[in-house]
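Enquirer: The structure file entry_20.cif (mmCIF, C-alpha atoms) is provided below.
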data_entry
loop_
_atom_site.label_atom_id
_atom_site.label_comp_id
_atom_site.auth_asym_id
_atom_site.auth_seq_id
_atom_site.Cartn_x
_atom_site.Cartn_y
_atom_site.Cartn_z
CA MET E 5 21.87 27.96 -26.35
CA GLU E 6 25.10 28.74 -24.46
CA THR E 7 25.63 25.00 -23.95
CA LEU E 8 25.49 24.56 -27.72
CA PHE E 9 28.05 27.33 -28.27
CA GLN E 10 30.40 25.67 -25.80
CA ALA E 11 29.98 22.28 -27.48
CA TYR E 12 30.45 23.81 -30.93
CA ARG E 13 33.66 25.59 -29.92
CA ALA E 14 35.00 22.41 -28.32
CA LEU E 15 34.37 20.42 -31.50
CA PHE E 16 35.03 22.91 -34.29
CA GLY E 17 36.82 25.92 -32.79
CA LYS E 18 35.93 29.55 -33.45
CA GLY E 19 35.66 31.83 -36.43
CA ASP E 20 32.74 30.42 -38.37
CA ALA E 21 29.57 32.28 -39.35
CA LEU E 22 27.00 30.52 -37.20
CA TYR E 23 23.30 29.94 -37.80
CA GLN E 24 20.84 29.33 -34.97
CA LEU E 25 17.53 27.56 -35.49
CA PHE E 26 14.75 26.34 -33.20
CA SER E 27 12.44 23.50 -34.26
CA PRO E 28 9.53 22.88 -31.86
CA TYR E 29 7.96 19.66 -30.69
CA ARG E 30 4.28 19.12 -31.37
CA ILE E 31 1.13 17.52 -29.99
CA CYS E 32 -2.09 16.51 -31.72
CA PRO E 33 -5.12 16.96 -29.43
CA LEU E 34 -7.57 15.51 -31.99
CA GLY E 35 -6.84 13.51 -35.13
CA ALA E 36 -4.97 10.51 -33.72
CA HIS E 37 -3.77 7.85 -36.17
CA VAL E 38 -5.62 9.23 -39.19
CA ASP E 39 -3.07 11.28 -41.12
CA HIS E 40 -1.66 8.22 -42.89
CA GLN E 41 -5.24 7.60 -44.14
CA HIS E 42 -5.59 11.21 -45.38
CA GLY E 43 -7.84 12.16 -42.47
CA LEU E 44 -8.55 15.42 -40.64
CA VAL E 45 -6.18 16.45 -37.85
CA SER E 46 -5.44 19.25 -35.40
CA GLY E 47 -2.23 20.26 -33.69
CA PHE E 48 -0.08 22.61 -31.66
CA ALA E 49 3.64 23.27 -31.75
CA PHE E 50 4.90 24.23 -28.30
CA ASP E 51 7.76 26.00 -26.62
CA LYS E 52 10.08 23.01 -26.20
CA GLY E 53 12.02 21.52 -29.07
CA ILE E 54 15.39 21.04 -30.74
CA GLU E 55 18.01 23.78 -30.95
CA PHE E 56 20.44 23.84 -33.87
CA LEU E 57 23.76 25.67 -34.04
CA PHE E 58 25.68 25.16 -37.28
CA SER E 59 27.87 26.64 -39.99
CA ALA E 60 28.41 25.86 -43.68
CA THR E 61 31.15 23.62 -45.06
CA ASP E 62 32.46 24.16 -48.59
CA MET E 63 33.20 20.59 -49.65
CA GLY E 64 29.78 19.12 -48.79
CA LYS E 65 30.85 17.42 -45.57
CA VAL E 66 28.32 17.02 -42.76
CA GLU E 67 29.57 16.77 -39.18
CA MET E 68 26.75 16.89 -36.65
CA CYS E 69 26.85 16.13 -32.95
CA SER E 70 23.85 15.73 -30.63
CA LEU E 71 23.99 16.53 -26.93
CA SER E 72 21.14 14.04 -26.50
CA PHE E 73 22.62 11.05 -28.40
CA GLU E 74 26.06 9.57 -28.87
CA GLY E 75 28.17 9.79 -31.98
CA LEU E 76 29.41 12.39 -34.44
CA MET E 77 27.41 11.88 -37.64
CA THR E 78 29.52 12.36 -40.76
CA PHE E 79 28.68 12.02 -44.47
CA ASN E 80 28.81 14.14 -47.63
CA VAL E 81 25.86 15.84 -49.34
CA GLN E 82 27.66 15.74 -52.70
CA LYS E 83 27.59 11.95 -52.70
CA THR E 84 24.73 9.46 -52.96
CA ILE E 85 23.29 8.79 -49.51
CA GLU E 86 23.87 5.19 -48.48
CA GLU E 87 21.50 2.87 -46.65
CA LYS E 88 20.37 3.54 -43.10
CA GLN E 89 22.80 3.00 -40.26
CA ASN E 90 20.10 2.67 -37.57
CA ASN E 91 21.19 5.62 -35.47
CA TRP E 92 19.93 9.18 -35.03
CA GLY E 93 21.95 10.25 -38.04
CA ASP E 94 19.46 8.44 -40.29
CA TYR E 95 17.18 11.47 -39.93
CA LEU E 96 19.97 13.76 -41.11
CA ARG E 97 20.83 11.46 -43.99
CA GLY E 98 17.13 11.15 -44.83
CA ALA E 99 16.70 14.93 -45.05
CA VAL E 100 19.63 15.18 -47.44
CA TRP E 101 18.40 12.16 -49.45
CA ALA E 102 15.00 13.84 -49.92
CA LEU E 103 16.53 17.15 -51.03
CA GLN E 104 18.87 15.35 -53.43
CA GLN E 105 15.85 14.18 -55.42
CA ASP E 106 15.35 17.75 -56.67
CA PHE E 107 18.53 19.69 -55.95
CA GLN E 108 22.27 19.39 -56.48
CA LEU E 109 23.70 20.05 -53.06
CA LYS E 110 27.18 21.52 -52.76
CA LYS E 111 27.55 22.69 -49.18
CA GLY E 112 27.27 20.68 -46.01
CA VAL E 113 27.05 21.76 -42.38
CA LYS E 114 28.93 21.21 -39.16
CA GLY E 115 27.20 21.81 -35.88
CA VAL E 116 25.44 20.70 -32.73
CA VAL E 117 21.82 19.93 -31.85
CA GLN E 118 20.12 19.54 -28.49
CA GLY E 119 16.60 18.46 -27.56
CA SER E 120 14.85 19.81 -24.48
CA MET E 121 12.61 16.81 -23.68
CA PRO E 122 12.80 13.02 -23.48
CA ILE E 123 12.16 11.08 -26.68
CA GLY E 124 8.67 9.69 -27.17
CA GLY E 125 5.35 11.13 -28.23
CA VAL E 126 6.14 14.75 -29.10
CA SER E 127 7.56 14.08 -32.57
CA SER E 128 11.21 14.84 -31.98
CA SER E 129 11.93 13.08 -35.29
CA ALA E 130 9.82 15.61 -37.22
CA ALA E 131 11.45 18.49 -35.34
CA LEU E 132 14.90 17.16 -36.25
CA LEU E 133 13.96 16.49 -39.88
CA CYS E 134 12.28 19.83 -40.51
CA GLY E 135 15.13 21.70 -38.86
CA PHE E 136 17.79 19.87 -40.82
CA VAL E 137 15.97 20.29 -44.14
CA MET E 138 15.97 24.04 -43.46
CA ALA E 139 19.63 23.99 -42.40
CA ILE E 140 20.80 22.26 -45.58
CA ALA E 141 18.58 24.49 -47.72
CA LYS E 142 19.97 27.58 -45.97
CA VAL E 143 23.64 26.88 -46.65
CA ASN E 144 22.87 25.87 -50.25
CA GLU E 145 20.81 29.03 -50.84
CA ILE E 146 17.69 27.01 -51.68
CA GLU E 147 14.44 28.88 -51.09
CA LEU E 148 11.77 26.55 -49.71
CA ASP E 149 8.23 27.52 -48.78
CA LYS E 150 6.57 25.92 -45.77
CA MET E 151 4.79 23.20 -47.71
CA GLN E 152 8.07 22.22 -49.37
CA VAL E 153 9.78 21.85 -45.99
CA ILE E 154 6.89 19.60 -44.91
CA HIS E 155 7.15 17.60 -48.14
CA TYR E 156 10.90 16.93 -47.94
CA ALA E 157 10.82 16.12 -44.21
CA SER E 158 7.89 13.71 -44.58
CA GLU E 159 9.44 12.06 -47.66
CA ALA E 160 12.60 11.51 -45.66
CA GLU E 161 10.74 9.83 -42.80
CA ARG E 162 8.56 7.65 -45.02
CA GLU E 163 10.87 6.69 -47.85
CA TYR E 164 14.29 6.72 -46.18
CA VAL E 165 13.72 6.11 -42.46
CA GLY E 166 10.81 3.77 -43.16
CA LEU E 167 7.95 5.03 -40.98
CA ARG E 168 4.74 5.07 -43.00
CA ASN E 169 3.21 8.14 -41.42
CA GLY E 170 1.33 11.11 -42.88
CA ILE E 171 2.17 14.81 -42.74
CA LEU E 172 0.65 15.69 -39.36
CA ASP E 173 3.93 15.89 -37.44
CA GLN E 174 5.83 17.93 -39.98
CA ALA E 175 2.85 20.23 -40.60
CA CYS E 176 2.60 21.08 -36.90
CA VAL E 177 6.34 21.71 -36.62
CA VAL E 178 6.31 24.05 -39.64
CA LEU E 179 2.89 25.72 -39.84
CA CYS E 180 1.77 26.37 -36.27
CA GLU E 181 1.45 29.79 -34.70
CA ALA E 182 1.39 30.65 -31.00
CA ASP E 183 -2.08 30.59 -29.40
CA LYS E 184 -3.71 29.09 -32.49
CA LEU E 185 -4.90 25.58 -33.31
CA LEU E 186 -3.81 24.06 -36.61
CA TYR E 187 -6.67 22.38 -38.51
CA LEU E 188 -5.34 20.36 -41.44
CA ASP E 189 -6.87 18.19 -44.14
CA THR E 190 -4.03 15.76 -44.82
CA LYS E 191 -5.54 14.71 -48.16
CA THR E 192 -5.62 18.18 -49.73
CA SER E 193 -3.01 19.89 -47.47
CA GLU E 194 -5.52 22.70 -46.91
CA TYR E 195 -5.18 24.16 -43.44
CA LYS E 196 -6.42 26.86 -41.10
CA LEU E 197 -4.85 28.47 -38.04
CA LEU E 198 -7.71 29.07 -35.64
CA PRO E 199 -7.66 31.45 -32.65
CA PHE E 200 -9.51 30.17 -29.58
CA GLY E 201 -13.08 31.47 -29.39
CA ASN E 202 -12.65 33.16 -32.79
CA GLY E 203 -10.10 35.49 -31.22
CA GLU E 204 -12.47 36.97 -28.65
CA LYS E 205 -10.52 35.40 -25.76
CA LYS E 206 -7.36 37.34 -24.89
CA GLU E 207 -5.56 34.37 -23.36
CA LEU E 208 -5.82 30.62 -23.76
CA PRO E 209 -7.56 29.09 -20.72
CA PHE E 210 -5.18 26.14 -20.63
CA GLU E 211 -1.58 25.02 -20.87
CA LEU E 212 -0.24 21.81 -22.36
CA GLY E 213 0.78 19.13 -19.89
CA ILE E 214 3.29 16.59 -21.23
CA PHE E 215 3.60 13.46 -19.09
CA PHE E 216 6.43 11.13 -20.07
CA SER E 217 5.73 7.59 -18.91
CA GLY E 218 9.43 6.81 -18.58
CA VAL E 219 9.14 4.11 -21.25
CA THR E 220 11.07 4.91 -24.41
CA ARG E 221 10.15 3.60 -27.82
CA LYS E 222 11.08 3.71 -31.47
CA LEU E 223 8.13 3.73 -33.88
CA THR E 224 9.83 1.60 -36.51
CA GLY E 225 10.13 -1.15 -33.87
CA THR E 226 6.44 -1.13 -32.86
CA ASP E 227 3.14 -2.11 -34.52
CA TYR E 228 2.87 1.37 -36.07
CA ASN E 229 3.40 0.21 -39.65
CA LEU E 230 1.13 -2.81 -39.05
CA ARG E 231 -1.72 -0.49 -38.05
CA VAL E 232 -1.21 1.48 -41.26
CA SER E 233 -1.53 -1.73 -43.27
CA GLU E 234 -4.64 -2.75 -41.33
CA CYS E 235 -6.30 0.57 -42.14
CA LYS E 236 -5.49 0.23 -45.83
CA THR E 237 -6.78 -3.34 -45.84
CA ALA E 238 -10.03 -2.21 -44.22
CA ALA E 239 -10.49 0.34 -46.98
CA TRP E 240 -9.67 -2.27 -49.62
CA MET E 241 -12.25 -4.67 -48.16
CA MET E 242 -15.02 -2.09 -48.23
CA GLU E 243 -14.19 -1.13 -51.80
CA ALA E 244 -14.34 -4.82 -52.75
CA TYR E 245 -17.70 -5.27 -51.00
CA GLU E 246 -19.02 -2.24 -52.85
CA ASP E 247 -17.53 -3.44 -56.16
CA ILE E 248 -15.38 -0.31 -56.47
CA PRO E 249 -12.32 -0.81 -58.75
CA LEU E 250 -9.30 -1.46 -56.53
CA LYS E 251 -6.02 0.39 -56.60
CA GLU E 252 -2.76 -0.99 -55.29
CA LEU E 253 -3.01 -1.44 -51.55
CA GLU E 254 -0.20 1.07 -51.01
CA ASP E 255 -2.30 3.73 -52.75
CA THR E 256 -5.52 2.94 -50.85
CA ARG E 257 -6.76 5.05 -47.92
CA LEU E 258 -9.80 4.99 -45.66
CA ARG E 259 -10.50 8.56 -46.78
CA ASP E 260 -11.29 7.09 -50.21
CA VAL E 261 -14.35 5.31 -48.74
CA ASP E 262 -17.45 7.16 -47.54
CA GLU E 263 -18.46 6.67 -43.93
CA GLU E 264 -21.88 5.38 -45.08
CA VAL E 265 -20.11 2.49 -46.82
CA PHE E 266 -18.45 1.58 -43.53
CA PHE E 267 -21.81 1.52 -41.72
CA LYS E 268 -23.14 -0.75 -44.50
CA TYR E 269 -20.39 -3.36 -44.16
CA GLU E 270 -19.11 -2.93 -40.59
CA THR E 271 -20.59 -6.20 -39.31
CA GLN E 272 -19.34 -8.19 -42.30
CA MET E 273 -15.71 -7.21 -41.83
CA PRO E 274 -13.29 -9.12 -39.60
CA VAL E 275 -13.34 -7.44 -36.21
CA ARG E 276 -9.73 -6.22 -36.38
CA PHE E 277 -10.31 -4.26 -39.58
CA ALA E 278 -13.73 -2.97 -38.55
CA LYS E 279 -12.18 -1.52 -35.39
CA ARG E 280 -9.46 0.30 -37.34
CA ALA E 281 -12.03 1.79 -39.72
CA ARG E 282 -14.35 2.73 -36.84
CA HIS E 283 -11.52 4.66 -35.22
CA PHE E 284 -10.78 6.53 -38.43
CA TYR E 285 -14.33 7.66 -39.11
CA THR E 286 -15.20 8.55 -35.52
CA GLU E 287 -11.89 10.38 -35.06
CA CYS E 288 -12.46 12.54 -38.13
CA ASP E 289 -15.94 13.31 -36.76
CA ARG E 290 -14.37 14.27 -33.42
CA VAL E 291 -11.96 16.62 -35.15
CA LYS E 292 -14.83 18.44 -36.84
CA ALA E 293 -16.83 18.62 -33.60
CA GLY E 294 -13.73 19.71 -31.68
CA ILE E 295 -13.02 22.52 -34.11
CA GLN E 296 -16.54 23.81 -33.55
CA ALA E 297 -16.05 23.71 -29.77
CA TRP E 298 -12.68 25.47 -30.14
CA GLU E 299 -14.14 28.26 -32.24
CA GLU E 300 -16.96 28.67 -29.72
CA GLY E 301 -14.43 28.97 -26.89
CA ASP E 302 -15.64 25.85 -25.05
CA ILE E 303 -12.49 24.23 -23.69
CA ARG E 304 -14.37 21.66 -21.60
CA ARG E 305 -16.27 20.32 -24.60
CA PHE E 306 -13.09 20.35 -26.67
CA GLY E 307 -11.34 18.44 -23.90
CA GLN E 308 -14.11 15.86 -23.72
CA TYR E 309 -13.50 15.02 -27.37
CA VAL E 310 -9.81 14.57 -26.52
CA PHE E 311 -10.76 12.03 -23.83
CA GLU E 312 -13.02 10.24 -26.32
CA SER E 313 -10.16 10.16 -28.83
CA CYS E 314 -8.00 8.26 -26.38
CA GLU E 315 -10.78 5.81 -25.57
CA SER E 316 -11.03 5.02 -29.28
CA SER E 317 -7.24 4.70 -29.52
CA ILE E 318 -7.37 2.07 -26.78
CA HIS E 319 -10.43 0.11 -27.86
CA ASN E 320 -10.61 0.58 -31.65
CA TYR E 321 -7.06 1.33 -32.75
CA GLU E 322 -5.72 -0.93 -29.99
CA CYS E 323 -2.53 0.90 -29.15
CA GLY E 324 -1.06 1.91 -25.84
CA SER E 325 1.26 0.15 -23.42
CA PRO E 326 0.05 -0.78 -19.91
CA GLU E 327 1.96 2.23 -18.60
CA LEU E 328 0.37 4.69 -21.01
CA ILE E 329 -3.13 3.35 -20.43
CA ALA E 330 -2.69 3.59 -16.67
CA LEU E 331 -1.30 7.11 -16.98
CA TYR E 332 -4.24 8.16 -19.17
CA HIS E 333 -6.76 6.89 -16.61
CA ILE E 334 -4.96 8.78 -13.84
CA LEU E 335 -5.08 11.97 -15.90
CA LYS E 336 -8.75 11.47 -16.72
CA GLU E 337 -9.58 11.35 -13.02
CA THR E 338 -7.41 14.33 -12.03
CA GLU E 339 -9.06 17.65 -11.22
CA GLY E 340 -7.93 20.52 -13.43
CA ILE E 341 -7.45 18.42 -16.59
CA TYR E 342 -9.88 19.24 -19.38
CA GLY E 343 -8.82 16.47 -21.76
CA SER E 344 -6.03 13.95 -22.21
CA ARG E 345 -4.84 11.24 -24.56
CA PHE E 346 -1.77 9.40 -25.76
CA SER E 347 0.65 11.55 -27.68
CA GLY E 348 2.24 10.37 -30.89
CA ALA E 349 1.54 6.83 -32.00
CA GLY E 350 0.53 5.61 -28.55
CA PHE E 351 3.15 2.89 -28.33
CA LYS E 352 4.90 3.75 -25.06
CA GLY E 353 6.05 7.42 -24.96
CA ALA E 354 3.87 10.10 -23.39
CA CYS E 355 0.39 11.33 -22.60
CA ILE E 356 -0.63 14.92 -23.18
CA ALA E 357 -3.31 16.94 -21.42
CA LEU E 358 -5.02 20.31 -21.59
CA VAL E 359 -4.66 21.61 -18.05
CA ASP E 360 -5.89 24.47 -15.89
CA PRO E 361 -2.68 26.52 -15.34
CA SER E 362 -3.71 27.43 -11.80
CA ARG E 363 -3.50 23.75 -10.84
CA ASN E 364 -0.19 22.84 -12.47
CA GLU E 365 1.73 21.94 -9.34
CA ALA E 366 -1.19 20.09 -7.75
CA ILE E 367 -1.55 18.09 -10.96
CA ARG E 368 2.19 17.36 -11.09
CA HIS E 369 2.21 16.08 -7.50
CA SER E 370 -0.98 14.01 -7.75
CA VAL E 371 -0.22 12.37 -11.10
CA THR E 372 3.39 11.61 -10.18
CA GLU E 373 2.41 10.04 -6.88
CA LYS E 374 -0.31 7.84 -8.37
CA TYR E 375 1.69 6.76 -11.42
CA LEU E 376 4.86 5.85 -9.53
CA LYS E 377 2.81 3.92 -6.97
CA SER E 378 1.90 1.55 -9.82
CA PHE E 379 5.19 1.79 -11.73
CA PRO E 380 7.99 2.55 -9.25
CA GLN E 381 10.59 1.30 -11.75
CA TYR E 382 10.19 4.61 -13.64
CA LYS E 383 10.95 6.93 -10.73
CA ASP E 384 14.10 8.18 -12.45
CA THR E 385 12.61 8.61 -15.93
CA PHE E 386 8.99 9.75 -15.38
CA GLU E 387 8.80 13.49 -16.11
CA VAL E 388 6.15 16.21 -16.26
CA PHE E 389 6.34 19.45 -18.27
CA PHE E 390 3.89 22.32 -18.64
CA CYS E 391 4.21 24.17 -21.93
CA LYS E 392 2.56 26.82 -24.07
CA PRO E 393 1.65 26.66 -27.78
CA SER E 394 4.29 28.29 -29.98
CA GLY E 395 5.17 29.19 -33.53
CA GLY E 396 6.79 26.80 -35.98
CA VAL E 397 10.42 26.12 -36.90
CA ASP E 398 12.47 29.22 -37.67
CA PHE E 399 15.91 30.76 -37.59
CA LEU E 400 16.75 32.82 -34.51
#
I'd like the structure from this file rewritten - as structure tokens, please.
Expert:
Amino acid sequence: METLFQAYRALFGKGDALYQLFSPYRICPLGAHVDHQHGLVSGFAFDKGIEFLFSATDMGKVEMCSLSFEGLMTFNVQKTIEEKQNNWGDYLRGAVWALQQDFQLKKGVKGVVQGSMPIGGVSSSAALLCGFVMAIAKVNEIELDKMQVIHYASEAEREYVGLRNGILDQACVVLCEADKLLYLDTKTSEYKLLPFGNGEKKELPFELGIFFSGVTRKLTGTDYNLRVSECKTAAWMMEAYEDIPLKELEDTRLRDVDEEVFFKYETQMPVRFAKRARHFYTECDRVKAGIQAWEEGDIRRFGQYVFESCESSIHNYECGSPELIALYHILKETEGIYGSRFSGAGFKGACIALVDPSRNEAIRHSVTEKYLKSFPQYKDTFEVFFCKPSGGVDFL
């Protein structure tokens, strides 16, 4: 945080009443690619994320600098937010745009943010959005509950930024608690925070390994939105086969169609759409089975479902770059890793793993050596972190 104070003083001087906020990154061990179809998901926030240091401005002006990206982002919360500018400030503008739908904003903020990890797979966009929604609400004395923070942050990403995701990322960033697994129904927004082994285990038997492939990506420039459309089309097809009245495609989700209907028509559907639906239904089943293993304190069985999730992501959802797929296979064969899969959308980015903490350094050495042997071009950008589950976004 001292680096942020130095940057703030260099940009804005001294004398302001400063707010500090930490917004964590997140991973989803089970529930990949199903939140946009109103599926079942699980997640952890963890002890790396984005730090905010800011103060209020009286005339509505926003001046935000990132120590991770170039450019001082400036605009005014009292004015209509203009179209995207295709830089990191779109997330700030999007947060304000979403809040403007329900509130008259008068005060802006000036400040500095800094992320503690590379971009890709740990939902830095959700961490930034949730943190900035809370920052703007704070200076405008708007009281938001946790579900409202999730709502405004997800609206900003979908409707302003243009990524057609669900609420998984924002829910993890906001709702999670240390040493508990978030279990969320993204259709109803009902959730539980589950202690490992029903709370009978004093410590978690694993840490979170985050393995950055070295390949950066931006979800709005990948096939992410195409996959969402494919899932909706698969649901639409099954409803048509079953003679169920159709809604607009945009309002259609695989969760609207019973799994038995999928089994009935799976072989009649074009292969592409059958694969997307198969991933959805089997992934929701894995979430339910994984929750049972978690509550029983069986980390190996839980981890096996995580491996199976990634296999389905590769073969049914058909995502993953050559680098990520190779990295996943290395992790799967590494001793001390209970489960692993792509993190985030699976288009470049990172893999995550549940790891035996006593083997952290052996895992780091082995995975790094094997991965860089195949992809030496990433020797300067491949990184490994070991983290612990944490609580959600909050003021310090």
Enquirer: Might you pull out every residue within 10 Å of Lys268 (chain E), with all atoms listed in the file counted and same-chain residues fewer than 5 positions away left off, and present them as an MDAnalysis selection string?
Expert: chainID E and resid 242 245:246 263
Enquirer: Select, from E:Leu44, E:Val137, E:Met121, E:Val219, the residue with the minimum atom-to-atom distance to Thr385 (chain E), counting all atoms listed in the file.
Expert: E:Val219
Enquirer: Between E:Arg290, E:Lys336, E:Arg30, E:Arg168, which one has atoms that come closest to Leu186 (chain E), using all atoms listed in the file?
Expert: E:Arg30
Enquirer: Can you list, as a list in words, every protein, DNA or RNA residue that comes within 12 Å of Arg304 (chain E) when you count only C-alpha atoms, leaving out same-chain residues fewer than 6 positions away?
Expert: Pro209, Phe210, Gly294, Ala297, Trp298, Val310, Phe311, Gly340, Ile341, Tyr342, Gly343, Ser344, Leu358, Val359 and Asp360 of chain E
Enquirer: Counting only C-alpha atoms, which residue out of E:Gly166, E:Glu299, E:Cys176, E:Tyr309 sits closest to Phe200 (chain E)?
Expert: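 Nearest candidate to Phe200 (chain E) out of E:Gly166, E:Glu299, E:Cys176, E:Tyr309: E:Glu299.
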Enquirer: Using only the atoms of region 117-135 of chain E listed in the file, plus 3 Å on each side, state the axis-aligned box centre and edge lengths in Å rounded to one decimal, as AutoDock Vina command-line options.
Expert:
--center_x 13.6 --center_y 15.7 --center_z -32.0 --size_x 22.5 --size_y 18.0 --size_z 23.0
Enquirer: Between CA of Gly396 (chain E) and CA of Val153 (chain E), what is the distance in Å, rounded to a tenth?
Expert: 11.6 Å
Enquirer: Could you tell me which residues the PyMOL selection byres ((chain E and resi 201) around 6) grabs in this file, written as a compact mmCIF listing (two decimals) with C-alpha atoms, in the frame of the given file?
Expert:
# COMPACT_ATOMS: atom_id res chain seq x y z
CA PHE E 200 -9.51 30.17 -29.58
CA ASN E 202 -12.65 33.16 -32.79
CA GLY E 203 -10.10 35.49 -31.22
CA GLU E 204 -12.47 36.97 -28.65
CA LYS E 205 -10.52 35.40 -25.76
CA GLU E 299 -14.14 28.26 -32.24
CA GLU E 300 -16.96 28.67 -29.72
CA GLY E 301 -14.43 28.97 -26.89
Enquirer: For a test of reading the model, state the distance in Å between CA of Glu67 (chain E) and CA of Ile54 (chain E), rounded to one decimal.
Expert: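 Distance between the two atoms: 17.0 Å.
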Enquirer: Using all atoms listed in the file, can you tell me which of E:Val177, E:Ala330, E:Ile31, E:Cys314 comes closest to Lys377 (chain E)?
Expert: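 Among the listed residues, E:Ala330 lies closest to Lys377 (chain E).
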Enquirer: Have a look at E:Cys288, E:Leu208, E:Ala354, E:Ile303 and name the one nearest to Glu327 (chain E); count only C-alpha atoms.
Expert: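 Nearest candidate to Glu327 (chain E) out of E:Cys288, E:Leu208, E:Ala354, E:Ile303: E:Ala354.
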Enquirer: Given the choices E:Glu211, E:Glu159, E:Asp149, E:Glu74, which gets closest to Leu103 (chain E) if the distance is worked out from only C-alpha atoms?
Expert: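 Ranking E:Glu211, E:Glu159, E:Asp149, E:Glu74 by distance to Leu103 (chain E), first place goes to E:Glu159.
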Enquirer: Set the distance at 8 Å and use only C-alpha atoms: which residues neighbour His37 (chain E) once local chain neighbours fewer than 2 positions away are removed? I'd like the list as an mmCIF file with C-alpha atoms, in the frame of the given file.
Expert:
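Result written to selection19.cif:
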data_model
loop_
_atom_site.group_PDB
_atom_site.id
_atom_site.type_symbol
_atom_site.label_atom_id
_atom_site.label_comp_id
_atom_site.auth_asym_id
_atom_site.auth_seq_id
_atom_site.Cartn_x
_atom_site.Cartn_y
_atom_site.Cartn_z
ATOM 1 C CA GLY E 35 -6.840 13.510 -35.130
ATOM 2 C CA ASP E 39 -3.070 11.280 -41.120
ATOM 3 C CA HIS E 40 -1.660 8.220 -42.890
ATOM 4 C CA PHE E 284 -10.780 6.530 -38.430
ATOM 5 C CA ALA E 349 1.540 6.830 -32.000
#
Enquirer: Using all atoms listed in the file, list the residues that have an atom at most 12 Å from (20.7, 5.7, -41.0), coordinates as in the file, as JSON, numbers by chain.
Expert: {"E": [77, 78, 79, 85, 86, 87, 88, 89, 90, 91, 92, 93, 94, 95, 96, 97, 98, 99, 100, 101, 160, 161, 164, 165, 166]}
Enquirer: Just need region 39-43 of chain E in a file, please: all heavy atoms, as a compact mmCIF listing (two decimals), in the first residue's frame.
Expert:
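What landed in result.txt:
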# COMPACT_ATOMS: atom_id res chain seq x y z
N ASP E 39 -22.34 -20.07 -15.66
CA ASP E 39 -23.08 -19.00 -14.99
C ASP E 39 -23.93 -18.20 -15.96
O ASP E 39 -25.03 -17.75 -15.62
CB ASP E 39 -22.15 -18.10 -14.17
CG ASP E 39 -21.16 -17.31 -15.01
OD1 ASP E 39 -20.74 -17.82 -16.07
OD2 ASP E 39 -20.80 -16.19 -14.61
N HIS E 40 -23.45 -18.03 -17.20
CA HIS E 40 -24.24 -17.28 -18.18
C HIS E 40 -25.47 -18.08 -18.65
O HIS E 40 -26.35 -17.54 -19.32
CB HIS E 40 -23.39 -16.85 -19.38
CG HIS E 40 -22.59 -17.95 -20.01
ND1 HIS E 40 -23.16 -18.93 -20.78
CD2 HIS E 40 -21.26 -18.22 -19.98
CE1 HIS E 40 -22.22 -19.76 -21.22
NE2 HIS E 40 -21.06 -19.35 -20.74
N GLN E 41 -25.54 -19.37 -18.28
CA GLN E 41 -26.72 -20.19 -18.56
C GLN E 41 -27.53 -20.47 -17.29
O GLN E 41 -28.34 -21.38 -17.22
CB GLN E 41 -26.29 -21.51 -19.21
CG GLN E 41 -25.60 -21.33 -20.53
CD GLN E 41 -26.44 -20.56 -21.52
OE1 GLN E 41 -27.56 -20.95 -21.84
NE2 GLN E 41 -25.92 -19.44 -22.01
N HIS E 42 -27.28 -19.67 -16.24
CA HIS E 42 -27.97 -19.77 -14.95
C HIS E 42 -27.70 -21.10 -14.25
O HIS E 42 -28.56 -21.64 -13.57
CB HIS E 42 -29.48 -19.56 -15.13
CG HIS E 42 -29.86 -18.16 -15.46
ND1 HIS E 42 -31.12 -17.79 -15.87
CD2 HIS E 42 -29.14 -17.00 -15.46
CE1 HIS E 42 -31.17 -16.49 -16.10
NE2 HIS E 42 -29.97 -15.99 -15.85
N GLY E 43 -26.46 -21.58 -14.39
CA GLY E 43 -26.09 -22.85 -13.77
C GLY E 43 -25.64 -22.72 -12.33
O GLY E 43 -25.74 -21.66 -11.70
